[in-house]
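Enquirer: Enclosed is the structure file run.pdb (PDB, C-alpha atoms, pLDDT in the B column).
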ATOM      1  CA  MET D   1     -24.697 -14.093   9.746  1.00 34.00           C
ATOM      2  CA  ASP D   2     -24.839 -10.320   9.630  1.00 38.00           C
ATOM      3  CA  ILE D   3     -22.398  -8.096   7.768  1.00 39.00           C
ATOM      4  CA  GLN D   4     -20.994  -6.413  10.891  1.00 41.00           C
ATOM      5  CA  LYS D   5     -19.968  -9.796  12.331  1.00 41.00           C
ATOM      6  CA  LEU D   6     -18.248 -10.685   9.057  1.00 39.00           C
ATOM      7  CA  ARG D   7     -16.518  -7.298   8.906  1.00 41.00           C
ATOM      8  CA  ASP D   8     -15.253  -7.769  12.459  1.00 45.00           C
ATOM      9  CA  ARG D   9     -13.913 -11.248  11.661  1.00 45.00           C
ATOM     10  CA  GLY D  10     -11.696  -9.888   8.859  1.00 53.00           C
ATOM     11  CA  CYS D  11     -10.007 -11.498   5.887  1.00 62.00           C
ATOM     12  CA  ASP D  12     -10.923 -15.086   6.652  1.00 56.00           C
ATOM     13  CA  ASN D  13     -14.571 -14.402   5.981  1.00 54.00           C
ATOM     14  CA  VAL D  14     -14.564 -12.453   2.751  1.00 54.00           C
ATOM     15  CA  VAL D  15     -15.780 -15.544   0.904  1.00 51.00           C
ATOM     16  CA  GLU D  16     -18.771 -15.812   3.251  1.00 52.00           C
ATOM     17  CA  MET D  17     -19.434 -12.128   2.780  1.00 48.00           C
ATOM     18  CA  LEU D  18     -19.333 -12.402  -0.997  1.00 49.00           C
ATOM     19  CA  ASP D  19     -21.603 -15.442  -0.902  1.00 49.00           C
ATOM     20  CA  MET D  20     -24.125 -13.375   1.079  1.00 45.00           C
ATOM     21  CA  MET D  21     -24.183 -10.674  -1.563  1.00 41.00           C
ATOM     22  CA  ASP D  22     -25.540 -11.639  -4.946  1.00 41.00           C
ATOM     23  CA  GLU D  23     -25.306  -9.547  -8.101  1.00 44.00           C
ATOM     24  CA  GLU D  24     -28.585  -7.791  -7.332  1.00 38.00           C
ATOM     25  CA  ILE D  25     -27.092  -6.234  -4.229  1.00 39.00           C
ATOM     26  CA  PHE D  26     -24.228  -4.771  -6.253  1.00 45.00           C
ATOM     27  CA  ALA D  27     -26.619  -3.677  -8.981  1.00 43.00           C
ATOM     28  CA  ILE D  28     -28.627  -1.595  -6.529  1.00 38.00           C
ATOM     29  CA  SER D  29     -25.449  -0.449  -4.779  1.00 46.00           C
ATOM     30  CA  SER D  30     -26.231  -1.635  -1.294  1.00 50.00           C
ATOM     31  CA  SER D  31     -23.694   0.547   0.418  1.00 62.00           C
ATOM     32  CA  SER D  32     -23.439  -1.450   3.633  1.00 74.00           C
ATOM     33  CA  ALA D  33     -22.834  -4.764   1.854  1.00 74.00           C
ATOM     34  CA  ALA D  34     -20.467  -3.284  -0.729  1.00 73.00           C
ATOM     35  CA  ASP D  35     -18.622  -1.271   1.935  1.00 76.00           C
ATOM     36  CA  ALA D  36     -18.246  -4.342   4.123  1.00 79.00           C
ATOM     37  CA  ALA D  37     -16.838  -6.378   1.241  1.00 78.00           C
ATOM     38  CA  PHE D  38     -14.464  -3.577   0.279  1.00 80.00           C
ATOM     39  CA  ASP D  39     -13.301  -3.180   3.893  1.00 83.00           C
ATOM     40  CA  ALA D  40     -12.689  -6.924   4.075  1.00 83.00           C
ATOM     41  CA  PHE D  41     -10.597  -6.843   0.875  1.00 84.00           C
ATOM     42  CA  ILE D  42      -8.519  -3.975   2.277  1.00 88.00           C
ATOM     43  CA  GLY D  43      -8.114  -5.921   5.528  1.00 89.00           C
ATOM     44  CA  CYS D  44      -6.817  -8.900   3.569  1.00 91.00           C
ATOM     45  CA  ILE D  45      -4.315  -6.721   1.734  1.00 92.00           C
ATOM     46  CA  GLU D  46      -3.133  -5.217   5.019  1.00 92.00           C
ATOM     47  CA  ASP D  47      -2.668  -8.715   6.444  1.00 93.00           C
ATOM     48  CA  ILE D  48      -0.626  -9.800   3.433  1.00 94.00           C
ATOM     49  CA  ILE D  49       1.648  -6.777   3.158  1.00 93.00           C
ATOM     50  CA  ILE D  50       2.636  -6.882   6.817  1.00 93.00           C
ATOM     51  CA  GLU D  51       3.558 -10.560   6.580  1.00 95.00           C
ATOM     52  CA  GLU D  52       7.284 -11.255   6.640  1.00 95.00           C
ATOM     53  CA  GLU D  53       7.259 -12.941   3.225  1.00 96.00           C
ATOM     54  CA  PHE D  54       5.906  -9.863   1.437  1.00 95.00           C
ATOM     55  CA  GLN D  55       8.195  -7.524   3.381  1.00 94.00           C
ATOM     56  CA  GLN D  56      11.247  -9.623   2.489  1.00 96.00           C
ATOM     57  CA  LEU D  57      10.299  -9.793  -1.196  1.00 96.00           C
ATOM     58  CA  GLN D  58       9.863  -6.029  -1.408  1.00 95.00           C
ATOM     59  CA  GLU D  59      12.983  -5.199   0.596  1.00 95.00           C
ATOM     60  CA  ALA D  60      15.194  -7.583  -1.399  1.00 96.00           C
ATOM     61  CA  PHE D  61      13.867  -6.236  -4.690  1.00 96.00           C
ATOM     62  CA  MET D  62      14.387  -2.621  -3.705  1.00 96.00           C
ATOM     63  CA  GLU D  63      17.841  -3.332  -2.305  1.00 96.00           C
ATOM     64  CA  GLN D  64      18.815  -4.986  -5.580  1.00 97.00           C
ATOM     65  CA  HIS D  65      17.621  -2.120  -7.817  1.00 96.00           C
ATOM     66  CA  TYR D  66      17.565   1.181  -5.895  1.00 95.00           C
ATOM     67  CA  LEU D  67      20.950   2.431  -7.145  1.00 95.00           C
ATOM     68  CA  GLU D  68      19.621   2.420 -10.708  1.00 95.00           C
ATOM     69  CA  PHE D  69      17.142   5.217  -9.947  1.00 94.00           C
ATOM     70  CA  GLU D  70      18.109   8.877 -10.160  1.00 94.00           C
ATOM     71  CA  ASP D  71      16.097  11.928  -9.229  1.00 92.00           C
ATOM     72  CA  SER D  72      15.743  13.529 -12.645  1.00 93.00           C
ATOM     73  CA  ASP D  73      12.931  14.286 -15.049  1.00 91.00           C
ATOM     74  CA  GLU D  74      14.371  11.886 -17.583  1.00 92.00           C
ATOM     75  CA  ASN D  75      13.624   8.203 -17.155  1.00 94.00           C
ATOM     76  CA  LYS D  76      16.228   5.645 -18.140  1.00 94.00           C
ATOM     77  CA  LEU D  77      15.271   2.788 -20.435  1.00 94.00           C
ATOM     78  CA  SER D  78      16.493   0.406 -17.726  1.00 95.00           C
ATOM     79  CA  TYR D  79      13.593   1.447 -15.467  1.00 95.00           C
ATOM     80  CA  THR D  80      11.015  -0.334 -17.608  1.00 95.00           C
ATOM     81  CA  PRO D  81      12.240  -3.914 -17.087  1.00 97.00           C
ATOM     82  CA  ILE D  82      12.712  -3.195 -13.371  1.00 97.00           C
ATOM     83  CA  PHE D  83       9.127  -1.930 -13.151  1.00 97.00           C
ATOM     84  CA  ASN D  84       7.873  -5.002 -15.038  1.00 96.00           C
ATOM     85  CA  LYS D  85       9.812  -7.349 -12.718  1.00 97.00           C
ATOM     86  CA  TYR D  86       8.454  -5.519  -9.669  1.00 96.00           C
ATOM     87  CA  VAL D  87       4.880  -5.847 -10.872  1.00 94.00           C
ATOM     88  CA  ASP D  88       5.436  -9.466 -11.805  1.00 94.00           C
ATOM     89  CA  LEU D  89       6.979 -10.327  -8.442  1.00 95.00           C
ATOM     90  CA  LEU D  90       5.019  -8.294  -5.900  1.00 94.00           C
ATOM     91  CA  GLU D  91       1.649  -7.807  -7.545  1.00 90.00           C
ATOM     92  CA  LYS D  92       1.559 -11.481  -8.479  1.00 92.00           C
ATOM     93  CA  HIS D  93       2.498 -12.452  -4.916  1.00 95.00           C
ATOM     94  CA  LEU D  94      -0.258 -10.232  -3.530  1.00 93.00           C
ATOM     95  CA  GLU D  95      -2.750 -11.541  -6.069  1.00 91.00           C
ATOM     96  CA  GLN D  96      -1.806 -15.164  -5.336  1.00 92.00           C
ATOM     97  CA  GLN D  97      -2.233 -14.612  -1.599  1.00 94.00           C
ATOM     98  CA  LEU D  98      -5.591 -12.920  -2.142  1.00 91.00           C
ATOM     99  CA  MET D  99      -6.769 -15.742  -4.411  1.00 91.00           C
ATOM    100  CA  GLU D 100      -5.817 -18.304  -1.762  1.00 92.00           C
ATOM    101  CA  ARG D 101      -7.931 -16.407   0.762  1.00 89.00           C
ATOM    102  CA  ILE D 102     -10.681 -15.318  -1.631  1.00 85.00           C
ATOM    103  CA  PRO D 103     -11.075 -17.835  -4.487  1.00 84.00           C
ATOM    104  CA  THR D 104     -13.242 -15.473  -6.583  1.00 83.00           C
ATOM    105  CA  PHE D 105     -10.753 -12.599  -6.334  1.00 83.00           C
ATOM    106  CA  ASN D 106      -9.908 -10.731  -9.564  1.00 83.00           C
ATOM    107  CA  MET D 107      -7.103  -8.140  -9.425  1.00 81.00           C
ATOM    108  CA  ASN D 108      -8.344  -6.096 -12.421  1.00 82.00           C
ATOM    109  CA  THR D 109     -11.826  -5.796 -10.957  1.00 82.00           C
ATOM    110  CA  PHE D 110     -10.400  -4.970  -7.564  1.00 82.00           C
ATOM    111  CA  MET D 111      -8.118  -2.229  -8.969  1.00 80.00           C
ATOM    112  CA  LYS D 112     -11.150  -0.565 -10.604  1.00 83.00           C
ATOM    113  CA  TRP D 113     -13.034  -0.841  -7.327  1.00 82.00           C
ATOM    114  CA  LEU D 114     -10.022   0.574  -5.501  1.00 81.00           C
ATOM    115  CA  MET D 115      -9.842   3.623  -7.770  1.00 82.00           C
ATOM    116  CA  GLN D 116     -13.563   4.268  -7.263  1.00 84.00           C
ATOM    117  CA  ASN D 117     -13.165   4.103  -3.478  1.00 83.00           C
ATOM    118  CA  LYS D 118      -9.657   5.525  -3.062  1.00 82.00           C
ATOM    119  CA  GLU D 119     -10.734   8.055  -0.435  1.00 86.00           C
ATOM    120  CA  GLU D 120     -11.696   5.144   1.841  1.00 85.00           C
ATOM    121  CA  VAL D 121      -8.356   3.346   1.532  1.00 86.00           C
ATOM    122  CA  PRO D 122      -5.549   3.939   4.033  1.00 87.00           C
ATOM    123  CA  GLY D 123      -2.836   6.006   2.325  1.00 87.00           C
ATOM    124  CA  ASP D 124      -0.084   3.426   2.635  1.00 88.00           C
ATOM    125  CA  ILE D 125      -2.241   0.706   1.054  1.00 89.00           C
ATOM    126  CA  PHE D 126      -3.342   2.993  -1.763  1.00 87.00           C
ATOM    127  CA  ASP D 127       0.248   4.109  -2.407  1.00 89.00           C
ATOM    128  CA  LEU D 128       1.449   0.506  -2.557  1.00 90.00           C
ATOM    129  CA  MET D 129      -1.322  -0.521  -4.951  1.00 88.00           C
ATOM    130  CA  LEU D 130      -0.531   2.502  -7.108  1.00 87.00           C
ATOM    131  CA  THR D 131       3.084   1.328  -7.510  1.00 92.00           C
ATOM    132  CA  PHE D 132       1.729  -1.637  -9.498  1.00 90.00           C
ATOM    133  CA  THR D 133      -0.038   0.513 -12.085  1.00 88.00           C
ATOM    134  CA  ASP D 134       1.545   3.960 -12.019  1.00 92.00           C
ATOM    135  CA  PHE D 135       5.191   4.143 -13.085  1.00 95.00           C
ATOM    136  CA  MET D 136       5.780   7.552 -11.487  1.00 95.00           C
ATOM    137  CA  SER D 137       4.562   6.256  -8.105  1.00 93.00           C
ATOM    138  CA  PHE D 138       6.878   3.288  -8.529  1.00 95.00           C
ATOM    139  CA  LYS D 139       9.827   5.555  -9.358  1.00 95.00           C
ATOM    140  CA  GLU D 140       9.046   7.855  -6.412  1.00 95.00           C
ATOM    141  CA  MET D 141       9.038   4.843  -4.076  1.00 94.00           C
ATOM    142  CA  PHE D 142      12.539   3.942  -5.282  1.00 95.00           C
ATOM    143  CA  LEU D 143      13.781   7.529  -5.002  1.00 95.00           C
ATOM    144  CA  GLU D 144      12.517   7.740  -1.409  1.00 94.00           C
ATOM    145  CA  TYR D 145      14.138   4.400  -0.613  1.00 94.00           C
ATOM    146  CA  ARG D 146      17.438   5.556  -2.107  1.00 94.00           C
ATOM    147  CA  ALA D 147      17.342   8.861  -0.209  1.00 93.00           C
ATOM    148  CA  GLU D 148      16.732   6.978   3.018  1.00 92.00           C
ATOM    149  CA  LYS D 149      19.562   4.514   2.323  1.00 90.00           C
ATOM    150  CA  GLU D 150      21.920   7.403   1.596  1.00 89.00           C
ATOM    151  CA  GLY D 151      20.904   9.339   4.693  1.00 86.00           C
ATOM    152  CA  ARG D 152      19.003  11.964   2.744  1.00 80.00           C
ATOM    153  CA  GLY D 153      15.606  11.202   4.244  1.00 66.00           C
ATOM    154  CA  LEU D 154      13.112  13.806   5.301  1.00 58.00           C
ATOM    155  CA  ASP D 155      14.833  16.285   7.635  1.00 54.00           C
ATOM    156  CA  LEU D 156      12.436  18.352   9.717  1.00 53.00           C
ATOM    157  CA  SER D 157      15.134  19.922  11.889  1.00 55.00           C
ATOM    158  CA  GLN D 158      14.939  23.198   9.952  1.00 57.00           C
ATOM    159  CA  GLU D 159      11.199  23.341  10.613  1.00 60.00           C
ATOM    160  CA  LEU D 160      11.416  22.842  14.386  1.00 57.00           C
ATOM    161  CA  VAL D 161      11.104  25.878  16.606  1.00 59.00           C
ATOM    162  CA  ILE D 162      11.802  25.603  20.325  1.00 61.00           C
ATOM    163  CA  THR D 163      10.050  28.137  22.509  1.00 59.00           C
ATOM    164  CA  SER D 164      10.569  28.430  26.238  1.00 60.00           C
ATOM    165  CA  LEU D 165       7.417  28.361  28.308  1.00 66.00           C
ATOM    166  CA  ILE D 166       9.205  30.339  31.037  1.00 67.00           C
ATOM    167  CA  PRO D 167       9.433  34.068  30.291  1.00 67.00           C
ATOM    168  CA  ALA D 168      12.936  35.517  29.985  1.00 66.00           C
ATOM    169  CA  GLY D 169      14.139  37.043  33.270  1.00 66.00           C
ATOM    170  CA  SER D 170      11.734  34.921  35.310  1.00 63.00           C
ATOM    171  CA  LYS D 171      12.819  33.555  38.699  1.00 67.00           C
ATOM    172  CA  HIS D 172      11.609  30.113  37.662  1.00 59.00           C
ATOM    173  CA  THR D 173      14.415  28.064  36.198  1.00 57.00           C
ATOM    174  CA  GLY D 174      12.434  24.923  35.692  1.00 53.00           C
ATOM    175  CA  LEU D 175      14.662  23.126  38.180  1.00 56.00           C
ATOM    176  CA  HIS D 176      13.272  22.029  41.510  1.00 54.00           C
TER     177      HIS D 176
END
Represent the structure of the file as structure tokens.
Expert:
Amino acid sequence: MDIQKLRDRGCDNVVEMLDMMDEEIFAISSSSAADAAFDAFIGCIEDIIIEEEFQQLQEAFMEQHYLEFEDSDENKLSYTPIFNKYVDLLEKHLEQQLMERIPTFNMNTFMKWLMQNKEEVPGDIFDLMLTFTDFMSFKEMFLEYRAEKEGRGLDLSQELVITSLIPAGSKHTGLH
């Protein structure tokens, strides 16, 4: 089976794809095989994070803890156990789901691979993965969530400019 067919078939076939590629292929950096495997891993992650179970876990966790986070340069001691619980709950869930789909999956190896190929990863996936390893990304996620919950989300109304396409004093009113 060729790599393009496996890539097109998605997450279910990562194991087949990995079986096709032995260590020699990775050693010589066969870009098409390595890229296909990486794309398949990212596809699996996308599948998992859009599933209702993952969404509910993340939403419930954030709802439970968002009020603890404040937008200041100083970090409270209470943030550390929350971060550790988050990693334990969501990263472990993601890792468990990936291991069910890809028995040879290793999160540490994947995170290194992810960092080496971060420009090829969709921003939302990269940002989510970063919340498992980078505390400041984790804190920023909570601050954004809190701002949204409190109605302080991104407001672009000050940046909008409305310009009429009909010159002033024109006979055209735009009404027919």
Enquirer: Enter the distance from CA of Ile50 in chain D to CA of Asp127 in chain D, in Å, rounded to one decimal.
Expert: 14.5 Å
Enquirer: Quick one: residues within 12 Å of Tyr145 in chain D, all atoms listed in the file, excluding same-chain residues fewer than 6 positions away - as a count of residues only?
Expert: 19
Enquirer: Could you check which of D:Gln56, D:Asn117, D:Ser72, D:Asn108 is closest to Leu89 in chain D, using all atoms listed in the file?
Expert: D:Gln56
Enquirer: If you measure from CA of Phe135 in chain D to CA of Trp113 in chain D, what distance in Å do you get, rounded to one decimal?
Expert: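 One can read the CA of Phe135 in chain D to CA of Trp113 in chain D distance as 19.8 Å.
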Enquirer: Mind checking which residues fall within 8 Å of Leu94 in chain D, counting all atoms listed in the file, ignoring those fewer than 5 positions away in the same chain, and posting them as a list in words?
Expert: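 The neighbour list is Ile45, Ile48, Ile49 and Phe54 of chain D.
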Enquirer: Quick one: distance from CA of Phe126 in chain D to CA of Phe83 in chain D in Å, one decimal?
Expert: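 One can read the CA of Phe126 in chain D to CA of Phe83 in chain D distance as 17.6 Å.
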Enquirer: List the residues selected by the PyMOL selection byres ((chain D and resi 46) around 12) in the file shown, writing them as a PyMOL selection string.
Expert: chain D and resi 10-11+39-45+47-51+54-55+94+97-98+121-126+128-129
Enquirer: So, counting only C-alpha atoms, which residue among D:Phe38, D:Thr80, D:Tyr86, D:Glu91 is closest to Phe110 in chain D?
Expert: D:Phe38
